[in-house]
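**Student:** Before I ask anything, let me first share the structure, which is written out below as structure tokens.
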Amino acid sequence: MLRKTEVDPLTHRPAYLLLLRRRRKKKKKKQIIRRVRVAMEVERKRVCVTGAGGFVASWVVKFLLSKGYVVHGTVRDPRDEKYAHLNKLERASDNLKLFKADLSDYGSLRSAIEGCAGVLHVACPVPSSSVPNPEVDVVEPAVNGTLNVLKACSEAKVKRVIYVSSVAAVTMNPNWPKEQVMDETCWSDKEYCKITDNWYCFSKTEAESAASDYARQNGLDVVAVCPGLILGPVLQPTLNASTLVLVKFTRGSEDSVPDRLRYVVDVRDVAEAVIMAYEKSKAEGRYICIAHSIKTRDLAEKLYGLYPDLTCSKNYIETQHNNKLSSERLLKLEWTYRPLEETLVDSIESYRAAGLLK
Ligand SMILES: NC(=O)c1ccc[n+]([C@@H]2O[C@H](COP(=O)([O-])OP(=O)(O)OC[C@H]3O[C@@H](n4cnc5c(N)ncnc54)[C@H](OP(=O)(O)O)[C@@H]3O)[C@@H](O)[C@H]2O)c1
């Protein structure tokens, strides 16, 4: 080992020059490694969110941006004013790019997904009332749309896909033992969904099982998150189906309301669950995502307890007892959820601010 003040016997140059060169080389190597790491991190942090302007997806996009992700959001018409809230999100100007894409149009999805390490597939028709042609308007985009997304993911060499399914794909099973808690092994009975005209439940069950088959056959990493009734503050300016459920409570309709068990979860907690399922390498399979199981009448009473000025629905009809559901798997992934009161207060305040309570 030469001292700084000595002379290198091979080159006859002062040793300090040699040491300086070695140090520079080391520094350059470190810089290259750091640059490669940053590039890999940036690559991993580029994700696509389908149906970006919807109730759930808007929160997913907001949280992704706040975590430094670059987001490709698909919307059906980027010029539509109803998506303006997305461009106002923090960091959106630099890190959010909106793509025009429809679930029925493979090419449009393929362009949006190109370059992304992950895809969070949230888009799906969620009708708030019965539709004239459910097979075409609901089932087709849910099932074939999901397959289009997955094929585009395989093509684009996406590392992981999160599919937002629903407890609608879990609970519609009349043969499940009444006292047995429903978990991720339980699937809705497709025939039962059809004969009871539950086309949305049919579409989510068919789409999730098609996604799971596709993943197995094509070696694509697909994780499903199955939320219950999603409530909480809205970012988008329009009413989505589950928000309408709570808004209807505030209208105090005289119609009879079935007093069934609701599996409620906050939209912010769903968005966190979706991102957690993407980020945690050990996540796999499906995750039921519910926070509070509560009967409709109790939910309404809780709401009126917090907001006595709201008009109250009075007529409830007792319905068949439904099964308990468990989010145990998701909790083991370290998912947490907020209290129901917080969800209700934040919901009502945001509806008021958005002018959705008339
Ligand atoms: N809300 C709940 O209580 C709940 C519960 C369980 C699961 N989920 C699931 O969560 C996801 C999001 O639901 P949400 O409550 O956020 O509903 P939402 O606000 O109605 O959002 C649905 C999104 O899907 C998009 N979409 C529908 N059909 C499409 C098509 N053919 N091509 C492209 N995009 C299409 C819509 O786009 P446009 O804006 O252009 O209409 C919208 O952005 C869905 O997969 C739903 O099944 C929701």
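Simple scheme: letters A, B, ... for chains in structure tokens order, numbers from 1 for residues in each chain, numbers from 1 for ligands in the order shown.
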Just the residues within 9 Å of Pro233 in chain A, please, counting only C-alpha atoms, with nothing from its chain fewer than 4 positions along; format it as a list in words.
**Tutor:**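 Returned residues: Phe55, Thr243, Asp266, Val267, Arg268, Thr343, Leu344, Val345, Asp346, Ser347, Ile348, Glu349, Ser350 and Tyr351 of chain A.
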**Student:** Distance limit 6 Å, reference ligand 1, atoms considered: only C-alpha atoms and all ligand atoms. Which residues make the cut? Give them as a PyMOL selection string.
**Tutor:** chain A and resi 51-57+75-76+102-103+122-126+141+164-166+227-230+240+242
**Student:** Which residues are close to Pro237 in chain A, i.e. within 8 Å by only C-alpha atoms, leaving aside same-chain residues fewer than 3 positions away? Reply as a VMD selection string.
**Tutor:** chain A and resid 82 85 234 354
**Student:** Just the strand (DSSP E) stuff from range 128-335 of chain A, please, per backbone DSSP, written as JSON, numbers by chain.
**Tutor:** {"A": [160, 161, 162, 163, 164, 222, 223, 224, 225, 226, 227, 229, 230, 231, 257, 258, 259, 261, 262, 263, 264, 265, 266, 285, 286, 287, 288, 289, 292, 293, 294, 295, 316, 317, 318]}
**Student:** For Asn144 in chain A, find every residue with an atom within 8 Å (counting only C-alpha atoms), except residues of its own chain fewer than 4 positions away, and show them as a list in words.
**Tutor:**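 My list of contacting residues is Leu103, Ser104, Glu140, Asn148 and Ala207 of chain A.
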**Student:** Please provide as a ChimeraX atom specification all residues within 8 Å of range 68-72 of chain A, with the sequence filter that same-chain residues fewer than 6 positions apart are discarded (counting only C-alpha atoms).
**Tutor:** /A:42,45-49,61,95-99,112-113
**Student:** With only C-alpha atoms as the counted atoms, please give the residues lying no more than 7 Å from Ala291 in chain A, apart from itself and same-chain residues fewer than 5 positions off, as a PDB file with N, CA and C atoms, in the first residue's frame.
**Tutor:**
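For reference, around_11.pdb as written:
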```pdb
ATOM      1  N   TYR A 263     -71.902  -4.762   4.453  1.00  0.00           N
ATOM      2  CA  TYR A 263     -70.469  -4.898   4.757  1.00  0.00           C
ATOM      3  C   TYR A 263     -69.802  -3.605   4.298  1.00  0.00           C
ATOM      4  N   VAL A 264     -69.637  -2.658   5.230  1.00  0.00           N
ATOM      5  CA  VAL A 264     -69.213  -1.306   4.847  1.00  0.00           C
ATOM      6  C   VAL A 264     -67.695  -1.162   4.936  1.00  0.00           C
ATOM      7  N   VAL A 265     -67.134  -0.385   4.029  1.00  0.00           N
ATOM      8  CA  VAL A 265     -65.703  -0.072   4.077  1.00  0.00           C
ATOM      9  C   VAL A 265     -65.504   1.329   3.494  1.00  0.00           C
ATOM     10  N   TYR A 337     -58.290  -0.086   9.112  1.00  0.00           N
ATOM     11  CA  TYR A 337     -59.435   0.683   8.614  1.00  0.00           C
ATOM     12  C   TYR A 337     -59.892   1.679   9.667  1.00  0.00           C
TER      13      TYR A 337
END
```
**Student:** So that I can check the secondary structure, give me every residue of range 35-189 of chain A assigned alpha helix (DSSP H) by backbone DSSP, as a ChimeraX atom specification.
**Tutor:** /A:35-44,55-66,84-87,92-95,106-113,134,140-155
**Student:** Env of Arg262 in chain A: 9 Å cut, atoms = only C-alpha atoms, seq-sep filter 4 positions within chain, self excluded. Answer as an MDAnalysis selection string.
**Tutor:** chainID A and resid 228:229 292:296 299
**Student:** Could those selected residues go to a file with C-alpha atoms, as an mmCIF file, in the first residue's frame?
**Tutor:**
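What landed in again.cif:
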```cif
data_model
loop_
_atom_site.group_PDB
_atom_site.id
_atom_site.type_symbol
_atom_site.label_atom_id
_atom_site.label_comp_id
_atom_site.auth_asym_id
_atom_site.auth_seq_id
_atom_site.Cartn_x
_atom_site.Cartn_y
_atom_site.Cartn_z
ATOM 1 C CA GLY A 228 -67.991 -4.501 0.450
ATOM 2 C CA LEU A 229 -70.240 -1.430 0.276
ATOM 3 C CA HIS A 292 -67.949 -2.935 9.520
ATOM 4 C CA SER A 293 -70.823 -5.409 9.286
ATOM 5 C CA ILE A 294 -73.981 -3.530 10.195
ATOM 6 C CA LYS A 295 -77.697 -3.886 9.480
ATOM 7 C CA THR A 296 -79.270 -1.215 7.284
ATOM 8 C CA LEU A 299 -76.469 2.168 9.810
#
```
